[in-house]
$ cat structure.cif   # mmCIF, C-alpha atoms (C1' of nucleotides)
data_entry
#
loop_
_atom_site.label_atom_id
_atom_site.label_comp_id
_atom_site.auth_asym_id
_atom_site.auth_seq_id
_atom_site.Cartn_x
_atom_site.Cartn_y
_atom_site.Cartn_z
CA MET Z 1 22.93 -29.34 13.87
CA THR Z 2 21.40 -28.79 17.29
CA VAL Z 3 24.04 -27.46 19.63
CA THR Z 4 21.87 -27.51 22.70
CA THR Z 5 24.72 -28.36 25.01
CA GLY Z 6 28.42 -27.98 24.60
CA GLY Z 7 28.11 -24.64 22.82
CA ALA Z 8 30.17 -21.69 23.87
CA GLN Z 9 27.34 -20.45 26.05
CA PRO Z 10 25.07 -23.37 26.76
CA ARG Z 11 22.36 -21.21 28.27
CA GLU Z 12 18.96 -22.73 28.29
CA SER Z 13 17.04 -19.84 26.85
CA ILE Z 14 17.52 -16.48 25.21
CA SER Z 15 16.59 -13.00 26.32
CA PRO Z 16 13.52 -11.21 24.99
CA GLU Z 17 15.85 -8.77 23.23
CA GLU Z 18 17.58 -11.59 21.43
CA LEU Z 19 14.29 -13.12 20.41
CA ALA Z 20 13.20 -9.71 19.21
CA VAL Z 21 16.26 -9.45 16.98
CA TRP Z 22 15.38 -12.66 15.25
CA ARG Z 23 11.73 -11.75 14.89
CA MET Z 24 12.52 -8.33 13.50
CA LEU Z 25 14.86 -9.93 11.03
CA GLN Z 26 12.02 -12.14 9.90
CA ARG Z 27 9.67 -9.20 9.59
CA LEU Z 28 12.15 -7.12 7.67
CA GLN Z 29 12.83 -9.85 5.20
CA VAL Z 30 9.17 -10.60 4.62
CA ARG Z 31 8.29 -6.95 4.26
CA VAL Z 32 11.07 -6.08 1.83
CA THR Z 33 10.44 -9.18 -0.21
CA ARG Z 34 6.73 -8.50 -0.49
CA VAL Z 35 7.20 -4.89 -1.52
CA LEU Z 36 9.79 -5.82 -4.11
CA GLU Z 37 7.57 -8.62 -5.38
CA THR Z 38 4.49 -6.49 -5.82
CA ASP Z 39 6.39 -3.48 -7.16
CA LEU Z 40 8.00 -5.59 -9.85
CA LEU Z 41 4.74 -7.36 -10.56
CA VAL Z 42 2.60 -4.30 -11.06
CA ALA Z 43 5.21 -2.24 -12.86
CA HIS Z 44 6.83 -4.89 -15.02
CA ASP Z 45 4.81 -8.09 -14.63
CA LEU Z 46 7.91 -9.76 -13.29
CA ALA Z 47 8.16 -11.93 -10.18
CA LEU Z 48 11.03 -11.29 -7.79
CA ALA Z 49 12.47 -14.75 -8.39
CA SER Z 50 12.39 -14.07 -12.13
CA TYR Z 51 14.19 -10.80 -11.63
CA ASP Z 52 16.87 -12.55 -9.61
CA VAL Z 53 17.40 -15.08 -12.36
CA LEU Z 54 17.69 -12.46 -15.08
CA SER Z 55 19.99 -10.44 -12.88
CA ARG Z 56 22.34 -13.33 -12.18
CA LEU Z 57 22.45 -14.28 -15.82
CA ALA Z 58 23.22 -10.74 -16.87
CA GLU Z 59 26.28 -10.55 -14.69
CA ALA Z 60 27.58 -13.98 -15.70
CA PRO Z 61 30.19 -14.32 -18.43
CA GLY Z 62 28.46 -14.93 -21.74
CA ARG Z 63 25.14 -14.12 -20.11
CA ARG Z 64 24.81 -17.83 -19.37
CA LEU Z 65 24.91 -20.14 -16.38
CA ARG Z 66 24.51 -23.86 -15.82
CA MET Z 67 21.17 -24.72 -14.29
CA ASN Z 68 22.88 -26.04 -11.20
CA ASP Z 69 24.99 -22.96 -10.60
CA LEU Z 70 22.03 -20.73 -11.19
CA ALA Z 71 19.89 -22.66 -8.74
CA GLU Z 72 22.47 -22.15 -6.00
CA ARG Z 73 22.68 -18.45 -6.64
CA VAL Z 74 18.98 -17.76 -6.62
CA LEU Z 75 18.42 -20.06 -3.64
CA LEU Z 76 16.06 -22.37 -5.43
CA SER Z 77 15.87 -26.13 -5.64
CA ARG Z 78 16.78 -27.64 -8.98
CA SER Z 79 13.21 -28.55 -9.72
CA GLY Z 80 12.05 -25.09 -8.77
CA LEU Z 81 14.52 -23.56 -11.17
CA THR Z 82 13.49 -25.95 -13.94
CA ARG Z 83 9.91 -24.66 -13.74
CA LEU Z 84 10.97 -21.06 -13.42
CA ILE Z 85 13.19 -21.30 -16.48
CA ASP Z 86 10.28 -22.98 -18.27
CA ARG Z 87 8.19 -19.88 -17.66
CA LEU Z 88 10.93 -17.45 -18.55
CA GLN Z 89 11.64 -19.38 -21.72
CA ARG Z 90 7.96 -19.36 -22.62
CA ASP Z 91 8.07 -15.59 -22.23
CA GLY Z 92 11.16 -15.37 -24.38
CA LEU Z 93 13.34 -13.86 -21.67
CA VAL Z 94 15.68 -16.81 -21.37
CA ALA Z 95 16.76 -19.61 -23.66
CA ARG Z 96 18.12 -23.06 -22.95
CA GLU Z 97 21.32 -24.09 -24.67
CA ALA Z 98 23.14 -27.39 -24.66
CA CYS Z 99 26.62 -27.69 -23.26
CA ALA Z 100 29.22 -28.91 -25.70
CA ASP Z 101 31.56 -30.49 -23.15
CA ASP Z 102 28.92 -32.20 -21.08
CA ALA Z 103 25.85 -33.58 -22.79
CA ARG Z 104 24.04 -33.62 -19.46
CA GLY Z 105 24.63 -29.95 -18.96
CA LEU Z 106 22.25 -27.20 -19.94
CA PHE Z 107 22.75 -23.49 -19.97
CA ALA Z 108 20.19 -20.88 -19.20
CA VAL Z 109 21.01 -17.97 -21.46
CA LEU Z 110 19.69 -14.46 -21.19
CA THR Z 111 18.05 -13.34 -24.43
CA ASP Z 112 18.03 -9.77 -25.70
CA ALA Z 113 14.41 -9.51 -24.68
CA GLY Z 114 15.38 -10.73 -21.24
CA ALA Z 115 18.15 -8.15 -20.98
CA ALA Z 116 15.75 -5.42 -22.05
CA ARG Z 117 13.16 -6.51 -19.51
CA LEU Z 118 15.83 -6.60 -16.84
CA ALA Z 119 17.04 -3.12 -17.68
CA GLU Z 120 13.51 -1.84 -17.54
CA ALA Z 121 12.82 -3.43 -14.16
CA THR Z 122 16.11 -2.65 -12.48
CA PRO Z 123 15.29 0.90 -11.38
CA THR Z 124 12.20 -0.40 -9.61
CA TYR Z 125 14.22 -3.08 -7.91
CA LEU Z 126 17.04 -0.80 -6.85
CA SER Z 127 14.84 1.94 -5.53
CA GLY Z 128 12.91 -0.62 -3.55
CA ILE Z 129 16.06 -1.79 -1.83
CA ARG Z 130 17.29 1.73 -1.31
CA ALA Z 131 14.06 3.02 0.12
CA GLN Z 132 13.64 0.12 2.48
CA ILE Z 133 17.19 -0.56 3.54
CA LEU Z 134 20.14 1.27 2.10
CA ASP Z 135 18.91 4.82 2.46
CA VAL Z 136 17.70 4.19 6.00
CA LEU Z 137 21.15 3.28 7.21
CA ASP Z 138 24.17 5.54 7.14
CA ALA Z 139 27.58 4.56 5.81
CA THR Z 140 28.82 3.39 9.20
CA GLU Z 141 25.83 1.19 9.81
CA LEU Z 142 26.11 -0.23 6.35
CA ARG Z 143 29.70 -1.20 7.04
CA GLN Z 144 28.72 -2.76 10.34
CA VAL Z 145 25.95 -4.83 8.86
CA ALA Z 146 28.18 -5.96 6.02
CA ALA Z 147 30.78 -7.12 8.53
CA MET Z 148 28.21 -8.98 10.57
CA LEU Z 149 26.73 -10.68 7.55
CA ALA Z 150 30.20 -11.78 6.53
CA LYS Z 151 30.58 -13.41 9.94
CA LEU Z 152 27.18 -15.04 9.75
CA LEU Z 153 27.56 -16.62 6.34
CA PRO Z 154 30.01 -19.39 5.52
CA GLU Z 155 32.56 -17.91 3.14
CA ASP Z 156 31.41 -20.25 0.42
CA GLU Z 157 28.15 -18.40 0.18
CA GLN Z 158 29.18 -14.89 1.05
CA SER Z 159 27.08 -13.75 -1.89
CA GLY Z 160 26.85 -14.63 -5.52
CA ARG Z 161 30.52 -14.63 -6.09
CA PRO Z 162 30.70 -13.84 -9.75
CA GLY Z 163 34.06 -15.56 -9.99
CA ARG Z 164 33.04 -19.06 -8.82
CA PRO Z 165 34.89 -21.95 -10.44
CA GLY Z 166 32.25 -21.87 -13.11
CA GLN Z 167 31.55 -24.67 -15.56
CA PRO Z 168 33.67 -25.09 -18.68
CA CYS Z 169 32.33 -24.70 -22.19
CA MET S 170 5.97 2.94 -2.70
CA THR S 171 8.66 3.63 -5.28
CA VAL S 172 10.74 6.60 -4.25
CA THR S 173 12.83 6.73 -7.36
CA THR S 174 13.27 10.46 -7.28
CA GLY S 175 13.01 12.85 -4.43
CA GLY S 176 14.84 10.55 -2.05
CA ALA S 177 17.66 11.84 0.08
CA GLN S 178 20.21 10.53 -2.38
CA PRO S 179 18.57 10.06 -5.76
CA ARG S 180 21.51 8.15 -7.18
CA GLU S 181 20.73 6.00 -10.15
CA SER S 182 22.38 2.81 -9.00
CA ILE S 183 23.93 1.19 -5.99
CA SER S 184 27.43 -0.03 -5.32
CA PRO S 185 28.35 -3.71 -5.49
CA GLU S 186 28.90 -3.64 -1.73
CA GLU S 187 25.38 -2.39 -1.17
CA LEU S 188 23.94 -5.02 -3.46
CA ALA S 189 26.00 -7.60 -1.60
CA VAL S 190 24.46 -6.52 1.69
CA TRP S 191 20.99 -7.12 0.37
CA ARG S 192 21.89 -10.44 -1.20
CA MET S 193 23.59 -11.67 1.95
CA LEU S 194 20.55 -10.70 3.93
CA GLN S 195 18.44 -12.81 1.61
CA ARG S 196 20.82 -15.74 1.93
CA LEU S 197 20.97 -15.51 5.68
CA GLN S 198 17.22 -15.46 6.01
CA VAL S 199 16.70 -18.38 3.67
CA ARG S 200 19.42 -20.43 5.30
CA VAL S 201 18.26 -19.87 8.87
CA THR S 202 14.65 -20.49 7.94
CA ARG S 203 15.42 -23.72 6.16
CA VAL S 204 17.54 -25.07 8.99
CA LEU S 205 14.90 -24.20 11.55
CA GLU S 206 12.19 -25.71 9.39
CA THR S 207 13.94 -29.02 8.87
CA ASP S 208 15.22 -29.23 12.46
CA LEU S 209 11.71 -28.79 13.82
CA LEU S 210 10.28 -31.13 11.23
CA VAL S 211 12.64 -34.03 11.85
CA ALA S 212 12.80 -33.64 15.62
CA HIS S 213 9.19 -32.74 16.40
CA ASP S 214 7.18 -33.08 13.19
CA LEU S 215 6.34 -29.40 13.44
CA ALA S 216 6.55 -26.83 10.66
CA LEU S 217 8.20 -23.52 11.43
CA ALA S 218 4.97 -21.62 10.80
CA SER S 219 3.18 -23.91 13.22
CA TYR S 220 5.83 -23.31 15.83
CA ASP S 221 5.43 -19.57 15.40
CA VAL S 222 1.68 -19.84 15.91
CA LEU S 223 2.00 -21.93 19.05
CA SER S 224 4.67 -19.61 20.33
CA ARG S 225 2.60 -16.47 19.82
CA LEU S 226 -0.43 -18.04 21.42
CA ALA S 227 1.58 -19.16 24.43
CA GLU S 228 2.74 -15.65 25.20
CA ALA S 229 -0.68 -14.11 24.71
CA PRO S 230 -2.94 -13.45 27.68
CA GLY S 231 -5.30 -16.37 28.15
CA ARG S 232 -3.27 -18.33 25.61
CA ARG S 233 -5.63 -17.00 22.96
CA LEU S 234 -5.58 -14.56 20.07
CA ARG S 235 -8.06 -13.36 17.48
CA MET S 236 -7.43 -14.82 14.06
CA ASN S 237 -6.71 -11.41 12.68
CA ASP S 238 -4.17 -10.46 15.33
CA LEU S 239 -2.48 -13.79 15.05
CA ALA S 240 -2.23 -13.49 11.27
CA GLU S 241 -0.40 -10.19 11.60
CA ARG S 242 2.04 -11.57 14.12
CA VAL S 243 2.99 -14.64 12.19
CA LEU S 244 3.13 -12.75 8.91
CA LEU S 245 0.49 -14.80 7.20
CA SER S 246 -2.54 -13.83 5.17
CA ARG S 247 -5.89 -14.42 6.81
CA SER S 248 -6.67 -17.32 4.52
CA GLY S 249 -3.27 -18.82 5.13
CA LEU S 250 -3.84 -18.69 8.84
CA THR S 251 -7.31 -20.22 8.47
CA ARG S 252 -5.80 -23.30 6.84
CA LEU S 253 -2.91 -23.48 9.26
CA ILE S 254 -5.24 -23.35 12.24
CA ASP S 255 -7.33 -26.02 10.54
CA ARG S 256 -4.33 -28.31 10.58
CA LEU S 257 -3.29 -27.45 14.12
CA GLN S 258 -6.84 -27.99 15.30
CA ARG S 259 -6.98 -31.34 13.54
CA ASP S 260 -3.82 -32.27 15.44
CA GLY S 261 -5.33 -31.07 18.70
CA LEU S 262 -2.70 -28.41 19.34
CA VAL S 263 -5.09 -25.49 19.01
CA ALA S 264 -8.81 -24.97 19.45
CA ARG S 265 -11.21 -22.43 18.04
CA GLU S 266 -13.42 -20.52 20.41
CA ALA S 267 -16.14 -18.01 19.70
CA CYS S 268 -15.91 -14.45 20.92
CA ALA S 269 -18.68 -13.34 23.25
CA ASP S 270 -18.52 -9.64 22.43
CA ASP S 271 -18.22 -9.96 18.67
CA ALA S 272 -20.04 -12.76 16.92
CA ARG S 273 -17.77 -12.36 13.91
CA GLY S 274 -14.70 -12.91 16.01
CA LEU S 275 -12.97 -16.20 16.59
CA PHE S 276 -10.17 -17.07 18.96
CA ALA S 277 -7.39 -19.50 18.34
CA VAL S 278 -6.63 -21.02 21.72
CA LEU S 279 -3.58 -23.04 22.67
CA THR S 280 -4.53 -26.42 24.09
CA ASP S 281 -2.56 -28.26 26.74
CA ALA S 282 -1.31 -30.61 24.05
CA GLY S 283 -0.24 -27.60 22.05
CA ALA S 284 1.62 -26.13 25.01
CA ALA S 285 3.34 -29.45 25.60
CA ARG S 286 4.39 -29.74 21.98
CA LEU S 287 5.67 -26.20 22.06
CA ALA S 288 7.71 -26.83 25.21
CA GLU S 289 9.18 -29.89 23.63
CA ALA S 290 10.16 -28.09 20.43
CA THR S 291 11.42 -24.88 21.94
CA PRO S 292 14.96 -26.05 22.74
CA THR S 293 15.41 -27.05 19.12
CA TYR S 294 14.14 -23.69 17.96
CA LEU S 295 16.26 -21.67 20.34
CA SER S 296 19.45 -23.54 19.73
CA GLY S 297 18.94 -23.14 16.00
CA ILE S 298 18.72 -19.39 16.37
CA ARG S 299 21.62 -19.25 18.75
CA ALA S 300 23.88 -21.40 16.64
CA GLN S 301 23.15 -19.53 13.47
CA ILE S 302 22.89 -15.98 14.70
CA LEU S 303 23.06 -15.06 18.34
CA ASP S 304 26.19 -16.95 19.30
CA VAL S 305 28.04 -15.75 16.22
CA LEU S 306 27.68 -12.11 17.17
CA ASP S 307 29.04 -10.54 20.33
CA ALA S 308 27.04 -8.30 22.64
CA THR S 309 28.09 -5.12 20.86
CA GLU S 310 27.12 -6.39 17.47
CA LEU S 311 23.85 -7.63 18.82
CA ARG S 312 23.09 -4.17 20.12
CA GLN S 313 24.06 -2.62 16.82
CA VAL S 314 21.86 -4.92 14.80
CA ALA S 315 18.95 -4.38 17.16
CA ALA S 316 19.30 -0.63 16.73
CA MET S 317 19.41 -0.90 12.97
CA LEU S 318 16.41 -3.17 12.82
CA ALA S 319 14.51 -0.69 14.95
CA LYS S 320 15.32 1.98 12.38
CA LEU S 321 14.34 -0.23 9.49
CA LEU S 322 10.96 -1.29 10.78
CA PRO S 323 8.01 1.06 11.25
CA GLU S 324 7.37 1.26 14.98
CA ASP S 325 4.01 -0.35 14.51
CA GLU S 326 5.68 -3.59 13.63
CA GLN S 327 8.81 -3.46 15.72
CA SER S 328 8.08 -7.04 16.71
CA GLY S 329 5.16 -8.92 18.12
CA ARG S 330 4.28 -6.29 20.68
CA PRO S 331 2.55 -8.30 23.34
CA GLY S 332 0.75 -5.20 24.52
CA ARG S 333 -1.07 -4.34 21.31
CA PRO S 334 -4.53 -2.86 21.78
CA GLY S 335 -5.78 -6.40 21.75
CA GLN S 336 -9.35 -7.44 21.23
CA PRO S 337 -11.83 -7.36 24.11
CA CYS S 338 -13.50 -10.47 25.48
"C1'" DT C 339 -35.33 2.38 12.63
"C1'" DC C 340 -33.25 1.24 8.52
"C1'" DT C 341 -29.59 0.93 5.50
"C1'" DA C 342 -24.85 1.32 3.33
"C1'" DG C 343 -20.43 0.18 4.22
"C1'" DA C 344 -16.75 -1.93 6.79
"C1'" DA C 345 -14.67 -5.76 9.42
"C1'" DC C 346 -14.05 -10.74 10.31
"C1'" DG C 347 -13.23 -15.29 9.01
"C1'" DT C 348 -13.86 -19.01 5.42
"C1'" DT C 349 -13.77 -21.06 0.77
"C1'" DG C 350 -12.77 -21.77 -4.53
"C1'" DC C 351 -9.12 -21.42 -7.27
"C1'" DA C 352 -4.67 -21.31 -9.36
"C1'" DC C 353 0.05 -20.96 -8.66
"C1'" DG C 354 4.79 -22.02 -7.21
"C1'" DC C 355 7.64 -24.80 -4.34
"C1'" DG C 356 10.23 -28.98 -2.61
"C1'" DC C 357 10.69 -33.99 -2.33
"C1'" DA C 358 11.10 -38.20 -4.47
"C1'" DT C 359 11.71 -40.41 -8.74
"C1'" DG C 360 13.22 -41.21 -13.46
"C1'" DG C 361 16.10 -41.10 -17.64
"C1'" DA C 362 20.26 -39.54 -19.86
"C1'" DC C 363 24.99 -39.08 -19.43
"C1'" DC C 364 29.71 -39.12 -17.41
"C1'" DT C 365 33.57 -41.50 -14.83
"C1'" DA C 366 36.41 -44.68 -12.23
"C1'" DG C 367 37.51 -49.64 -11.17
"C1'" DG C 368 37.71 -54.32 -12.53
"C1'" DC O 369 35.55 -52.93 -22.60
"C1'" DC O 370 31.75 -52.85 -19.26
"C1'" DT O 371 29.59 -51.98 -15.28
"C1'" DA O 372 28.42 -49.42 -10.70
"C1'" DG O 373 27.72 -45.25 -8.91
"C1'" DG O 374 27.45 -40.32 -9.34
"C1'" DT O 375 25.83 -36.03 -11.65
"C1'" DC O 376 22.57 -33.35 -14.18
"C1'" DC O 377 18.07 -31.89 -15.45
"C1'" DA O 378 13.06 -32.92 -15.93
"C1'" DT O 379 8.55 -34.70 -14.19
"C1'" DG O 380 4.67 -36.59 -10.86
"C1'" DC O 381 2.80 -35.46 -6.83
"C1'" DG O 382 1.22 -33.25 -2.68
"C1'" DC O 383 1.35 -29.23 0.07
"C1'" DG O 384 0.92 -24.47 1.55
"C1'" DT O 385 0.12 -19.81 0.01
"C1'" DG O 386 -2.30 -15.54 -1.62
"C1'" DC O 387 -6.10 -13.40 -4.17
"C1'" DA O 388 -10.78 -12.72 -4.97
"C1'" DA O 389 -15.32 -13.58 -3.70
"C1'" DC O 390 -18.80 -14.84 -0.21
"C1'" DG O 391 -21.83 -14.86 4.03
"C1'" DT O 392 -22.22 -13.05 8.53
"C1'" DT O 393 -22.03 -9.51 11.85
"C1'" DC O 394 -21.01 -4.89 13.50
"C1'" DT O 395 -21.35 0.28 13.00
"C1'" DA O 396 -22.42 4.88 11.59
"C1'" DG O 397 -25.47 8.02 9.27
"C1'" DA O 398 -30.05 9.44 7.55
#

$ encode --input "structure.cif" --output "structure tokens"
Amino acid sequence: MTVTTGGAQPRESISPEELAVWRMLQRLQVRVTRVLETDLLVAHDLALASYDVLSRLAEAPGRRLRMNDLAERVLLSRSGLTRLIDRLQRDGLVAREACADDARGLFAVLTDAGAARLAEATPTYLSGIRAQILDVLDATELRQVAAMLAKLLPEDEQSGRPGRPGQPC
Amino acid sequence: MTVTTGGAQPRESISPEELAVWRMLQRLQVRVTRVLETDLLVAHDLALASYDVLSRLAEAPGRRLRMNDLAERVLLSRSGLTRLIDRLQRDGLVAREACADDARGLFAVLTDAGAARLAEATPTYLSGIRAQILDVLDATELRQVAAMLAKLLPEDEQSGRPGRPGQPC
DNA sequence: TCTAGAACGTTGCACGCGCATGGACCTAGG
DNA sequence: CCTAGGTCCATGCGCGTGCAACGTTCTAGA
């Protein structure tokens, strides 16, 4: 990775303002994540990672996703997702289902209980994001930040593209 | 926290574009953090959190900071910082020093070895940030994002204000 | 002066994560 | 066919984190 030399602007260091941007980005992310985490935990006994999983499943066709696909979307390692799905399954929010075409494959499927729990928690989640980010910025700023994020992320991870090739079955 | 009702725009849900902004922010943060972490680890056997600690100590007056202050700056719980300083002390990069004015207080102090390790790792750190963020955005965008971040963060955590009241001693 | 409460840092504990590994299964090349 | 290598998910293990509780020290009020 390291592009120390040969980059467009091979300057040796960065300005305090630039460093501040990065540090503020870190702070923002940590702060928002913590608030969301605790809000969801106290109000619905649901971890943020669990919410993300339920959310991704809900918007997937057939309410189901291959473990691999799901892991990419929620930014978790495969092993991490295995354990998380274990817990969600134990709580009855998600079920595992075999894949007919590929005996190796496994689907995580959102159960009705999971959908209900998701619906119950969603207002908490959304108002957390709004209060901390979306409502603080105006429409113009929101457009600007969206454009910048699009530049910063490789197109193949712009967001959880719902369309993705998607596994068969 | 929850500001479900009474907000400026008490809409019930958010648009897909708004959700995408939040999700892309998550992705960006995770991606940058992981790259930084592994770059530092393979090149200098230094975890990102450790780098942050060394970095904050280096820019503090007297190369030292109270445990509490340091914990705030590196976004770690007090117990988390205790363990991290344990490790850094074991590796000789940081030392603990008592506080003359307050017998409860303890300083984490950057050692010469710590400063050397920091200097060695800094190019890796900086080029990671540049390659992934700073060089991708132009000056205008950088100004815009800085302004937005300033809006999003309470002034009392705009960044690691070096000036902070700071403990005596 | 004495005492109740707060602040500081550390420790016991349990949890969640990633890495490396393993077993089951699929697929392409002889 | 049959085998080598890849993919998929699960498991063993160690690590780093936060929470709650603890001892020590400071501080304010009677």

$ atom_distance --input "structure.cif" --atom1 "atom CA of Val222 of chain S" --atom2 "atom CA of Gln313 of chain S"
28.3 Å

$ atom_distance --input "structure.cif" --atom1 "atom CA of Ala98 of chain Z" --atom2 "atom CA of Gly62 of chain Z"
13.9 Å

$ interface_residues --input "structure.cif" --of "chain O" --to "chain S" --cutoff "9 Å" --atoms "only C-alpha atoms (C1' of nucleotides)" --output "list of chain:residue names"
O:DG384, O:DT385, O:DG386, O:DT392, O:DT393, O:DC394

$ closest_residue --input "structure.cif" --among "S:Leu234, S:Ile254, S:Val243, S:Cys268" --to "chain Z" --atoms "only C-alpha atoms"
S:Val243

$ interface_residues --input "structure.cif" --of "chain C" --to "chain Z" --cutoff "9 Å" --atoms "all atoms listed in the file" --output "list in words"
DG354, DC355, DG356, DA362, DC363 and DC364 of chain C

$ closest_residue --input "structure.cif" --among "Z:Ile133, Z:Ala49, Z:Leu106, Z:Ala113" --to "chain S" --atoms "only C-alpha atoms"
Z:Ile133

$ resolve_selection --input "structure.cif" --expression "the PyMOL selection byres ((chain C and resi 342) around 10)" --output "number ranges by chain"
C: 340-341, 343-344; O: 396-397

$ resolve_selection --input "structure.cif" --expression "the PyMOL selection byres ((chain O and resi 388-390) around 9)" --output "tab-separated table (two decimals) with C-alpha atoms (C1' of nucleotides), in the frame of the given file"
chain	number	residue	atom	x	y	z
C	348	DT	C1'	-13.86	-19.01	5.42
C	349	DT	C1'	-13.77	-21.06	0.77
C	350	DG	C1'	-12.77	-21.77	-4.53
O	387	DC	C1'	-6.10	-13.40	-4.17
O	391	DG	C1'	-21.83	-14.86	4.03

$ atom_distance --input "structure.cif" --atom1 "atom CA of Arg31 of chain Z" --atom2 "atom CA of Ala319 of chain S"
13.9 Å

$ closest_residue --input "structure.cif" --among "Z:Pro61, Z:Gly114, Z:Pro154, Z:Gly92" --to "chain S" --atoms "only C-alpha atoms"
Z:Pro154

$ residues_around --input "structure.cif" --residues "Leu279 of chain S" --least-positions-apart "2" --cutoff "9 Å" --atoms "all atoms listed in the file" --output "ChimeraX atom specification"
/S:223,226-227,231-233,262-265,277,281-284

$ residues_around --input "structure.cif" --residues "Asp52 of chain Z" --least-positions-apart "3" --cutoff "12 Å" --atoms "only C-alpha atoms (C1' of nucleotides)" --output "PDB file with C-alpha atoms, in the coordinates of the input"
ATOM      1  CA  THR Z  33      10.440  -9.180  -0.210  1.00  0.00           C
ATOM      2  CA  LEU Z  36       9.790  -5.820  -4.110  1.00  0.00           C
ATOM      3  CA  GLU Z  37       7.570  -8.620  -5.380  1.00  0.00           C
ATOM      4  CA  LEU Z  40       8.000  -5.590  -9.850  1.00  0.00           C
ATOM      5  CA  LEU Z  46       7.910  -9.760 -13.290  1.00  0.00           C
ATOM      6  CA  ALA Z  47       8.160 -11.930 -10.180  1.00  0.00           C
ATOM      7  CA  LEU Z  48      11.030 -11.290  -7.790  1.00  0.00           C
ATOM      8  CA  ALA Z  49      12.470 -14.750  -8.390  1.00  0.00           C
ATOM      9  CA  SER Z  55      19.990 -10.440 -12.880  1.00  0.00           C
ATOM     10  CA  ARG Z  56      22.340 -13.330 -12.180  1.00  0.00           C
ATOM     11  CA  LEU Z  57      22.450 -14.280 -15.820  1.00  0.00           C
ATOM     12  CA  ALA Z  58      23.220 -10.740 -16.870  1.00  0.00           C
ATOM     13  CA  GLU Z  59      26.280 -10.550 -14.690  1.00  0.00           C
ATOM     14  CA  LEU Z  70      22.030 -20.730 -11.190  1.00  0.00           C
ATOM     15  CA  ALA Z  71      19.890 -22.660  -8.740  1.00  0.00           C
ATOM     16  CA  GLU Z  72      22.470 -22.150  -6.000  1.00  0.00           C
ATOM     17  CA  ARG Z  73      22.680 -18.450  -6.640  1.00  0.00           C
ATOM     18  CA  VAL Z  74      18.980 -17.760  -6.620  1.00  0.00           C
ATOM     19  CA  LEU Z  75      18.420 -20.060  -3.640  1.00  0.00           C
ATOM     20  CA  LEU Z  76      16.060 -22.370  -5.430  1.00  0.00           C
ATOM     21  CA  LEU Z  81      14.520 -23.560 -11.170  1.00  0.00           C
ATOM     22  CA  LEU Z  84      10.970 -21.060 -13.420  1.00  0.00           C
ATOM     23  CA  ILE Z  85      13.190 -21.300 -16.480  1.00  0.00           C
ATOM     24  CA  LEU Z  88      10.930 -17.450 -18.550  1.00  0.00           C
ATOM     25  CA  GLY Z 114      15.380 -10.730 -21.240  1.00  0.00           C
ATOM     26  CA  LEU Z 118      15.830  -6.600 -16.840  1.00  0.00           C
ATOM     27  CA  ALA Z 121      12.820  -3.430 -14.160  1.00  0.00           C
ATOM     28  CA  THR Z 122      16.110  -2.650 -12.480  1.00  0.00           C
ATOM     29  CA  TYR Z 125      14.220  -3.080  -7.910  1.00  0.00           C
ATOM     30  CA  GLY Z 160      26.850 -14.630  -5.520  1.00  0.00           C
TER      31      GLY Z 160
ATOM     32  CA  ARG S 192      21.890 -10.440  -1.200  1.00  0.00           C
ATOM     33  CA  GLN S 195      18.440 -12.810   1.610  1.00  0.00           C
TER      34      GLN S 195
END

$ residues_around --input "structure.cif" --residues "DT371 of chain O" --least-positions-apart "5" --cutoff "12 Å" --atoms "all atoms listed in the file" --output "list in words"
DT365, DA366, DG367 and DG368 of chain C

$ closest_residue --input "structure.cif" --among "S:Asp255, S:Asp214, S:Glu310, S:Glu266" --to "chain Z" --atoms "all atoms listed in the file"
S:Glu310

$ axis_aligned_box --input "structure.cif" --around "segment 277-285 of chain S" --padding-each-side "3 Å" --output "lines of an AutoDock Vina configuration file"
center_x = -2.0
center_y = -25.1
center_z = 22.5
size_x = 16.7
size_y = 17.1
size_z = 14.4

$ residues_around --input "structure.cif" --residues "Glu18 of chain Z" --least-positions-apart "5" --cutoff "9 Å" --atoms "all atoms listed in the file" --output "MDAnalysis selection string"
(chainID Z and resid 23) or (chainID S and resid 303 311 315)

$ write_last_selection --input "structure.cif" --atoms "C-alpha atoms" --output "PDB file, in the coordinates of the input"
ATOM      1  CA  ARG Z  23      11.730 -11.750  14.890  1.00  0.00           C
TER       2      ARG Z  23
ATOM      3  CA  LEU S 303      23.060 -15.060  18.340  1.00  0.00           C
ATOM      4  CA  LEU S 311      23.850  -7.630  18.820  1.00  0.00           C
ATOM      5  CA  ALA S 315      18.950  -4.380  17.160  1.00  0.00           C
TER       6      ALA S 315
END
